[in-house]
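Some notes on the structure that comes next.
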Amino acid sequence: CDAWQNWDEWSNRTLAVAAASVSDQARRLRAHASVVAFLYSSDELPPPHVEGAYLDAFRRERWAGGLLASAADDTSALTGPTGVKMAGPYGWVPPNYWY
């Protein structure tokens, strides 16, 4: 993890920079044909105040694609379950594994 996931150390200014960065990325990528979803955190959920700032940025930029709060199988207080399966297997598995 880097500074962008050390949320407990963020100042109000850092939060503003992070939200502006999300807004910029959403504006730049919202009409790109190959972008179907935006993952706005890595393997940890952002705290609700950070996630809320990110979601506000996506709303302002009229983001129409999918949004994922985390790459982990987790549940956000704001957006619900991520729907992502992170806990292995990381190799090929037969299709019946999923059903």
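By order of appearance in the structure tokens: chains A, B, ..., then residues from 1 within every chain, and ligands from 1 in the order shown.
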
Go through segment 26-51 of chain A and flag each residue having an atom no more than 9 Å from segment 4-19 of chain A; for those, report the closest pair of atoms plus their distance in Å to one decimal, using only C-alpha atoms, ordered by chain and rising number, as JSON lines.
```
{"residue": "A:Ser41", "atom": "CA", "partner": "A:Gln5", "partner_atom": "CA", "distance": 8.2}
{"residue": "A:Ser42", "atom": "CA", "partner": "A:Gln5", "partner_atom": "CA", "distance": 8.4}
{"residue": "A:Glu44", "atom": "CA", "partner": "A:Gln5", "partner_atom": "CA", "distance": 8.1}
{"residue": "A:Pro46", "atom": "CA", "partner": "A:Trp7", "partner_atom": "CA", "distance": 7.5}
{"residue": "A:Pro47", "atom": "CA", "partner": "A:Trp7", "partner_atom": "CA", "distance": 7.4}
{"residue": "A:Val50", "atom": "CA", "partner": "A:Leu15", "partner_atom": "CA", "distance": 7.0}
```

Would you save the residues from that selection as a short mmCIF file (atom, residue, chain, number, x, y, z; two decimals), in the first residue's frame, using C-alpha atoms?
```
data_model
loop_
_atom_site.label_atom_id
_atom_site.label_comp_id
_atom_site.auth_asym_id
_atom_site.auth_seq_id
_atom_site.Cartn_x
_atom_site.Cartn_y
_atom_site.Cartn_z
CA SER A 41 -9.82 1.15 -4.47
CA SER A 42 -7.48 -1.81 -4.34
CA GLU A 44 -9.30 -2.68 0.89
CA PRO A 46 -12.04 3.02 1.46
CA PRO A 47 -13.61 4.50 4.59
CA VAL A 50 -13.53 8.75 1.22
#
```

Just the residues within 7 Å of Val22 of chain A, please, counting only C-alpha atoms, with nothing from its chain fewer than 4 positions along; format it as a PDB file with N, CA and C atoms, in the first residue's frame.
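Generated output (out_38.pdb):
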```
ATOM      1  N   ALA A  18      -7.500  13.735  -3.768  1.00  0.00           N
ATOM      2  CA  ALA A  18      -7.951  12.403  -4.194  1.00  0.00           C
ATOM      3  C   ALA A  18      -9.271  12.495  -4.950  1.00  0.00           C
ATOM      4  N   ALA A  26     -12.443  10.149 -14.196  1.00  0.00           N
ATOM      5  CA  ALA A  26     -13.798   9.852 -14.680  1.00  0.00           C
ATOM      6  C   ALA A  26     -14.117  10.681 -15.919  1.00  0.00           C
ATOM      7  N   TYR A  54     -15.504   9.988  -3.489  1.00  0.00           N
ATOM      8  CA  TYR A  54     -15.297   9.399  -4.816  1.00  0.00           C
ATOM      9  C   TYR A  54     -16.621   9.277  -5.565  1.00  0.00           C
ATOM     10  N   ALA A  57     -17.774  12.488  -6.923  1.00  0.00           N
ATOM     11  CA  ALA A  57     -17.010  12.856  -8.124  1.00  0.00           C
ATOM     12  C   ALA A  57     -17.555  12.127  -9.350  1.00  0.00           C
TER      13      ALA A  57
END
```

Next item on the list: Give the helix (DSSP H, G or I) residues of chain A, as assigned by DSSP on the backbone, as number ranges by chain.
Entry: A: 3-5, 7-9, 12-29, 48-60, 95-98

Check: Which parts of segment 11-86 of chain A does DSSP call strand (DSSP E) when run on the backbone here, written out as a ChimeraX atom specification?
Finding: /A:37-39,66-68,75-76,80-81

Note to self: For a test of reading the model, state the distance in Å between atom CA of Ala53 of chain A and atom CA of Asp74 of chain A, rounded to one decimal.
What the structure shows: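 Value for the atom CA of Ala53 of chain A-atom CA of Asp74 of chain A distance: 19.2 Å.
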
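Minimum atom-to-atom distances from A:Arg59, A:Asp43, A:Ala37, A:Ala20 to Asp73 of chain A were compared using only C-alpha atoms, and the lowest value belongs to A:Asp43.
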
Check: If you count only C-alpha atoms, which residues fall within 12 Å of Thr75 of chain A, apart from same-chain ones fewer than 2 positions away, as a ChimeraX atom specification?
Finding: /A:43-48,68-73,77-85

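Using only C-alpha atoms, the nearest neighbour of Tyr40 of chain A within the list A:Met86, A:Arg27, A:Arg60, A:Leu55 is A:Leu55.
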
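Between atom CA of Asp56 of chain A and atom CA of Arg28 of chain A the separation is 16.1 Å.
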
Next item on the list: Rank nothing, just name the residue among A:Glu61, A:Phe38, A:Tyr97, A:Gly66 nearest to Asp24 of chain A, using only C-alpha atoms.
Entry: A:Glu61

Item checked: Between atom CA of Gly65 of chain A and atom CA of Val36 of chain A - distance in Å to one decimal ->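 Pair atom CA of Val36 of chain A / atom CA of Gly65 of chain A returns 5.5 Å.
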